[in-house]
$ cat my_file-v8.tsv   # TSV, C-alpha atoms and all ligand atoms
chain	number	residue	atom	x	y	z
A	233	MET	CA	-242.67	136.29	2.19
A	234	ASN	CA	-240.98	135.68	5.53
A	235	PHE	CA	-238.02	137.84	6.53
A	236	TYR	CA	-235.72	136.71	9.34
A	237	CYS	CA	-233.12	139.15	10.68
A	238	MET	CA	-230.18	138.20	12.85
A	239	THR	CA	-229.24	141.42	14.63
A	240	LEU	CA	-228.02	142.96	17.88
A	241	PHE	CA	-230.66	145.71	17.58
A	242	PRO	CA	-234.02	144.07	16.74
A	243	GLU	CA	-236.04	147.11	17.85
A	244	MET	CA	-234.40	149.23	15.16
A	245	ILE	CA	-235.69	146.89	12.45
A	246	ASP	CA	-239.06	146.15	14.10
A	247	ASN	CA	-239.88	149.84	14.52
A	248	ALA	CA	-239.02	150.89	10.98
A	249	PHE	CA	-240.54	147.89	9.21
A	250	SER	CA	-243.85	148.06	11.05
A	251	THR	CA	-244.41	151.59	9.72
A	252	SER	CA	-246.32	152.62	6.58
A	253	ILE	CA	-246.68	150.23	3.60
A	254	THR	CA	-244.60	147.35	4.97
A	255	GLY	CA	-246.45	147.61	8.30
A	256	ARG	CA	-249.79	147.42	6.52
A	257	ALA	CA	-248.60	144.42	4.51
A	258	MET	CA	-247.61	142.68	7.74
A	259	ASN	CA	-251.01	143.40	9.27
A	260	ASN	CA	-252.65	141.97	6.16
A	261	GLY	CA	-250.50	138.83	6.28
A	262	TYR	CA	-248.53	139.41	3.04
A	263	LEU	CA	-245.22	139.85	4.88
A	264	ASN	CA	-243.82	138.41	8.10
A	265	LEU	CA	-240.84	139.75	9.99
A	266	HIS	CA	-238.95	137.77	12.63
A	267	THR	CA	-236.08	139.64	14.23
A	268	VAL	CA	-233.82	137.45	16.32
A	269	ASN	CA	-231.36	138.92	18.82
A	270	ILE	CA	-227.93	137.35	18.37
A	271	ARG	CA	-227.15	138.25	22.00
A	272	ASP	CA	-229.74	135.69	23.13
A	273	PHE	CA	-227.34	133.04	21.80
A	274	ALA	CA	-224.25	134.23	23.70
A	275	ASN	CA	-222.80	131.45	25.83
A	276	ASN	CA	-221.25	133.48	28.64
A	277	THR	CA	-222.49	135.19	31.79
A	278	HIS	CA	-222.04	138.70	30.39
A	279	ASN	CA	-223.96	137.95	27.18
A	280	SER	CA	-221.00	139.24	25.25
A	281	VAL	CA	-220.89	138.49	21.52
A	282	ASP	CA	-217.74	140.34	20.38
A	283	ASP	CA	-214.00	140.09	20.89
A	284	TYR	CA	-210.69	141.58	19.73
A	285	PRO	CA	-209.51	140.69	16.21
A	286	PHE	CA	-206.53	138.35	15.91
A	287	GLY	CA	-203.55	140.16	14.40
A	288	GLY	CA	-204.66	143.49	15.89
A	289	GLY	CA	-206.57	146.32	14.30
A	290	ALA	CA	-209.18	148.77	15.43
A	291	GLY	CA	-212.45	147.79	17.08
A	292	MET	CA	-214.19	144.53	17.94
A	293	LEU	CA	-215.50	141.67	15.85
A	294	MET	CA	-218.72	139.72	16.28
A	295	GLN	CA	-217.91	136.13	17.25
A	296	ALA	CA	-218.83	133.13	15.13
A	297	GLU	CA	-220.57	130.89	17.70
A	298	PRO	CA	-223.51	133.10	18.81
A	299	ILE	CA	-224.29	133.88	15.15
A	300	TYR	CA	-224.13	130.20	14.21
A	301	ARG	CA	-226.45	129.22	17.07
A	302	CYS	CA	-228.86	132.00	16.09
A	303	TYR	CA	-228.80	130.74	12.49
A	304	GLU	CA	-229.47	127.13	13.58
A	305	HIS	CA	-232.43	128.35	15.67
A	306	ILE	CA	-233.92	130.12	12.65
A	307	ILE	CA	-233.30	127.20	10.28
A	308	GLU	CA	-235.02	124.88	12.75
A	309	GLU	CA	-238.02	127.22	12.72
A	310	ILE	CA	-238.13	127.46	8.91
A	311	GLY	CA	-237.46	123.76	8.47
A	312	LYS	CA	-235.34	124.01	5.32
A	313	GLU	CA	-232.16	125.50	3.85
A	314	THR	CA	-232.64	129.21	3.23
A	315	ARG	CA	-230.66	131.96	1.55
A	316	VAL	CA	-228.67	134.04	4.03
A	317	ILE	CA	-227.86	137.60	2.97
A	318	LEU	CA	-224.93	139.21	4.77
A	319	THR	CA	-225.12	143.00	4.79
A	320	THR	CA	-221.57	144.11	4.12
A	321	PRO	CA	-219.61	146.78	2.26
A	322	VAL	CA	-217.63	143.77	0.90
A	323	GLY	CA	-220.40	142.64	-1.39
A	324	LYS	CA	-222.18	143.01	-4.68
A	325	VAL	CA	-224.00	146.36	-4.75
A	326	PHE	CA	-227.76	145.91	-4.35
A	327	ASN	CA	-229.98	146.85	-7.30
A	328	GLN	CA	-233.52	146.41	-8.58
A	329	ALA	CA	-232.69	143.17	-10.42
A	330	MET	CA	-231.43	141.65	-7.16
A	331	ALA	CA	-234.57	142.84	-5.37
A	332	ALA	CA	-236.66	141.06	-8.02
A	333	GLU	CA	-234.61	137.88	-7.65
A	334	PHE	CA	-234.87	137.86	-3.84
A	335	ALA	CA	-238.62	138.56	-4.06
A	336	GLN	CA	-239.05	135.07	-5.59
A	337	GLU	CA	-237.96	133.43	-2.31
A	338	GLU	CA	-240.46	132.31	0.31
A	339	ASN	CA	-238.00	132.90	3.17
A	340	LEU	CA	-234.93	135.13	3.45
A	341	ILE	CA	-232.49	135.49	6.32
A	342	PHE	CA	-230.49	138.71	6.81
A	343	LEU	CA	-227.34	138.82	8.90
A	344	CYS	CA	-226.63	142.31	10.22
A	345	GLY	CA	-223.05	143.03	11.22
A	346	HIS	CA	-221.94	145.57	13.79
A	347	TYR	CA	-218.67	146.92	15.26
A	348	GLU	CA	-215.86	146.15	12.79
A	349	GLY	CA	-217.70	143.20	11.29
A	350	ILE	CA	-217.95	139.44	11.75
A	351	ASP	CA	-215.54	136.49	12.16
A	352	GLU	CA	-215.03	135.29	8.56
A	353	ARG	CA	-215.48	131.61	9.45
A	354	VAL	CA	-219.18	131.86	10.24
A	355	ILE	CA	-219.68	133.93	7.08
A	356	GLU	CA	-218.10	131.13	5.04
A	357	LYS	CA	-220.28	128.56	6.80
A	358	ILE	CA	-223.75	130.09	6.50
A	359	VAL	CA	-223.84	133.06	4.10
A	360	THR	CA	-225.08	132.55	0.52
A	361	ASP	CA	-225.06	136.21	-0.64
A	362	ARG	CA	-222.82	139.11	0.41
A	363	VAL	CA	-224.64	142.33	-0.40
A	364	SER	CA	-223.69	145.99	0.00
A	365	ILE	CA	-226.07	148.94	-0.33
A	366	GLY	CA	-223.37	151.24	-1.69
A	367	ASP	CA	-219.77	152.28	-1.53
A	368	TYR	CA	-219.76	153.82	1.94
A	369	VAL	CA	-219.56	152.43	5.48
A	370	LEU	CA	-222.38	152.47	8.04
A	371	THR	CA	-222.24	151.60	11.74
A	372	GLY	CA	-224.35	148.48	11.35
A	373	GLY	CA	-226.24	146.21	8.97
A	374	GLU	CA	-229.72	147.08	10.25
A	375	LEU	CA	-230.32	149.99	7.84
A	376	PRO	CA	-228.99	148.00	4.84
A	377	ALA	CA	-231.27	145.07	5.77
A	378	LEU	CA	-234.23	147.47	6.00
A	379	VAL	CA	-233.36	149.06	2.65
A	380	MET	CA	-233.26	145.65	0.97
A	381	MET	CA	-236.38	144.29	2.69
A	382	ASP	CA	-238.30	147.43	1.77
A	383	SER	CA	-237.47	147.21	-1.93
A	384	ILE	CA	-238.01	143.41	-2.02
A	385	SER	CA	-241.37	143.83	-0.27
A	386	ARG	CA	-242.64	146.21	-2.97
A	387	LEU	CA	-242.27	143.35	-5.45
A	388	VAL	CA	-244.16	140.80	-3.35
A	389	PRO	CA	-247.70	140.38	-4.74
A	390	CYS	CA	-250.40	142.41	-2.93
A	391	VAL	CA	-247.94	144.53	-0.89
A	392	LEU	CA	-248.53	147.58	-3.09
A	393	SER	CA	-252.18	148.34	-3.61
A	394	ASN	CA	-251.42	149.11	-7.27
A	395	SER	CA	-248.94	146.56	-8.65
A	396	VAL	CA	-248.51	148.65	-11.82
A	397	SER	CA	-246.54	151.19	-9.78
A	398	SER	CA	-243.63	148.78	-9.34
A	399	THR	CA	-243.68	147.75	-13.01
A	400	TYR	CA	-243.28	151.20	-14.52
A	401	GLU	CA	-240.85	152.98	-12.28
A	402	SER	CA	-237.19	153.91	-12.12
A	403	HIS	CA	-234.82	150.98	-12.67
A	404	SER	CA	-237.55	148.52	-13.64
A	405	ASN	CA	-236.61	148.80	-17.34
A	406	GLY	CA	-233.08	150.16	-16.98
A	407	LEU	CA	-234.26	153.81	-17.21
A	408	LEU	CA	-235.29	156.49	-14.71
A	409	GLU	CA	-238.92	157.47	-14.33
A	410	TYR	CA	-240.34	160.48	-16.23
A	411	PRO	CA	-241.44	163.61	-14.24
A	412	GLN	CA	-244.93	163.51	-12.70
A	413	TYR	CA	-247.42	166.19	-11.64
A	414	THR	CA	-250.59	166.42	-9.58
A	415	ARG	CA	-253.16	169.16	-8.87
A	416	PRO	CA	-253.25	172.15	-9.14
A	417	ARG	CA	-252.63	172.55	-12.90
A	418	GLU	CA	-250.71	175.74	-12.25
A	419	TRP	CA	-248.42	176.19	-9.23
A	420	ASN	CA	-246.17	179.21	-8.60
A	421	GLY	CA	-246.49	180.18	-12.24
A	422	MET	CA	-245.46	176.70	-13.41
A	423	GLU	CA	-247.87	174.77	-15.67
A	424	VAL	CA	-248.33	171.03	-15.97
A	425	PRO	CA	-247.13	169.95	-19.47
A	426	GLU	CA	-250.08	170.32	-21.86
A	427	VAL	CA	-249.84	166.77	-23.24
A	428	LEU	CA	-250.68	165.26	-19.82
A	429	LEU	CA	-254.01	167.10	-19.83
A	430	SER	CA	-254.88	166.00	-23.37
A	431	GLY	CA	-256.33	162.58	-22.51
A	432	HIS	CA	-254.49	161.24	-25.60
A	433	HIS	CA	-252.92	158.02	-24.24
A	434	LYS	CA	-250.56	157.39	-27.13
A	435	ASN	CA	-249.13	160.92	-27.02
A	436	ILE	CA	-248.83	160.75	-23.23
A	437	ALA	CA	-246.93	157.45	-23.43
A	438	ALA	CA	-244.60	158.88	-26.11
A	439	TRP	CA	-243.93	161.98	-23.98
A	440	GLN	CA	-243.23	159.86	-20.90
A	441	LYS	CA	-240.78	157.65	-22.81
A	442	GLU	CA	-238.95	160.68	-24.22
A	443	GLU	CA	-238.71	162.35	-20.79
A	444	SER	CA	-237.53	159.12	-19.24
A	445	LEU	CA	-234.71	158.88	-21.80
A	446	LYS	CA	-233.78	162.56	-21.37
A	447	ARG	CA	-233.58	162.24	-17.59
A	448	THR	CA	-231.59	159.04	-17.63
A	449	LYS	CA	-229.10	160.60	-20.05
A	450	LYS	CA	-228.80	163.69	-17.84
A	451	TYR	CA	-228.68	162.17	-14.34
A	452	ARG	CA	-227.35	158.66	-14.97
A	453	PRO	CA	-225.29	158.61	-18.17
A	454	ASP	CA	-223.93	155.19	-17.07
A	455	LEU	CA	-227.45	153.69	-17.15
A	456	TYR	CA	-228.25	155.42	-20.43
A	457	LYS	CA	-225.15	153.95	-22.07
A	458	LYS	CA	-226.11	150.47	-20.86
A	459	TRP	CA	-229.67	150.93	-22.14
A	460	GLU	CA	-228.38	152.08	-25.55
A	461	GLU	CA	-226.10	149.05	-25.78
A	462	GLU	CA	-229.04	146.74	-24.99
A	463	GLN	CA	-231.12	148.42	-27.72
A	464	ASN	CA	-228.34	148.00	-30.28
A	465	LYS	CA	-228.09	144.31	-29.38
A	466	GLU	CA	-231.82	143.86	-29.97
A	467	ASP	CA	-231.76	145.66	-33.36
B	501	LIG	N1	-214.82	146.85	8.86
B	501	LIG	C1	-215.82	146.71	7.86
B	501	LIG	C2	-215.21	146.98	6.48
B	501	LIG	O1	-214.28	147.78	6.39
B	501	LIG	O2	-215.71	146.41	5.49
B	501	LIG	C3	-216.99	147.65	8.10
B	501	LIG	C4	-217.82	147.27	9.27
B	501	LIG	S1	-219.21	148.32	9.48
B	501	LIG	C5	-218.56	149.54	10.57
B	501	LIG	C6	-220.28	147.39	10.52
B	501	LIG	C7	-221.36	146.64	9.79
B	501	LIG	O3	-222.22	147.55	9.12
B	501	LIG	C8	-220.91	145.66	8.73
B	501	LIG	O4	-220.54	144.42	9.27
B	501	LIG	C9	-222.16	145.54	7.85
B	501	LIG	O5	-223.08	144.60	8.37
B	501	LIG	C10	-222.77	146.94	7.97
B	501	LIG	N2	-222.49	147.81	6.81
B	501	LIG	C11	-221.74	148.92	6.81
B	501	LIG	N3	-221.73	149.51	5.61
B	501	LIG	C12	-222.49	148.76	4.80
B	501	LIG	C13	-222.86	148.84	3.42
B	501	LIG	N4	-222.42	149.80	2.64
B	501	LIG	N5	-223.69	147.90	2.93
B	501	LIG	C14	-224.14	146.90	3.71
B	501	LIG	N6	-223.81	146.75	5.02
B	501	LIG	C15	-222.99	147.66	5.57

$ encode --input "my_file-v8.tsv" --output "structure tokens"
Amino acid sequence: MNFYCMTLFPEMIDNAFSTSITGRAMNNGYLNLHTVNIRDFANNTHNSVDDYPFGGGAGMLMQAEPIYRCYEHIIEEIGKETRVILTTPVGKVFNQAMAAEFAQEENLIFLCGHYEGIDERVIEKIVTDRVSIGDYVLTGGELPALVMMDSISRLVPCVLSNSVSSTYESHSNGLLEYPQYTRPREWNGMEVPEVLLSGHHKNIAAWQKEESLKRTKKYRPDLYKKWEEEQNKED
């Protein structure tokens, strides 16, 4: 999987992504990250890439031309049409199903906005997917791109040392994960549930399923309702 990021702050993405599991996956050749600085494609002496919005309004907007040139540079490198994900609060909210869909791609380009956003014309020209990471506003698209790349990466074969961990976890089947425990068996007067020490796989699986349902109902009633509706459809 090759990630390309168009950004004004490449170091922010490079530093975070080269840490921990994604960093190891890059070292092992399962992931590649190419951050490209949009400022390198400015066509003026001051390397400026933003300007005032027509019609007024607060703040500055990123201009279309440097972003378009940056995009053309990346497409030339990849050699074929590629999905371009715009990080934006004006987008479909990212979820695990979208992560799984994006993980099927060989190449993905992220466009990170800054200031008050981006001239709409270049968005219309190059963007295939407008994606938000939630209903709040951040200063830039670098953290959203990192959030998405991180969750997509976990679904790329060989990135996680144990691929089972991404199959049976929260949101993979519409439910939240059951509680988990590690050593010691007793901590601060609190015991690990007896069934987990029993070695009885069927009982353990039944307990985990029940806890998963209980938790989803408690913490995410919206997900629980959806899950129940799906079950009723199947019956
Ligand atoms: N004026 C824009 C609006 O009201 O929709 C917000 C611009 S925001 C200050 C600057 C950049 O941060 C955006 O262009 C986008 O790339 C990124 N951003 C902010 N919040 C985001 C979110 N919830 N999801 C994804 N990207 C976000």

$ closest_residue --input "my_file-v8.tsv" --among "A:Leu318, A:Ala335, A:Val427, A:Ile384" --to "Ile355 of chain A" --atoms "only C-alpha atoms"
A:Leu318

$ atom_distance --input "my_file-v8.tsv" --atom1 "atom CA of Val424 of chain A" --atom2 "atom CA of Ile436 of chain A"
12.6 Å

$ atom_distance --input "my_file-v8.tsv" --atom1 "atom CA of Thr251 of chain A" --atom2 "atom CA of Pro411 of chain A"
27.0 Å

$ residues_near_ligand --input "my_file-v8.tsv" --ligand "ligand LIG 501 (chain B)" --cutoff "12 Å" --atoms "only C-alpha atoms and all ligand atoms" --output "ChimeraX atom specification"
/A:237-241,285,289-295,317-326,342-352,355,361-380

$ closest_residue --input "my_file-v8.tsv" --among "A:Ser252, A:Asn420, A:Asn339, A:Leu387" --to "Glu309 of chain A" --atoms "all atoms listed in the file"
A:Asn339
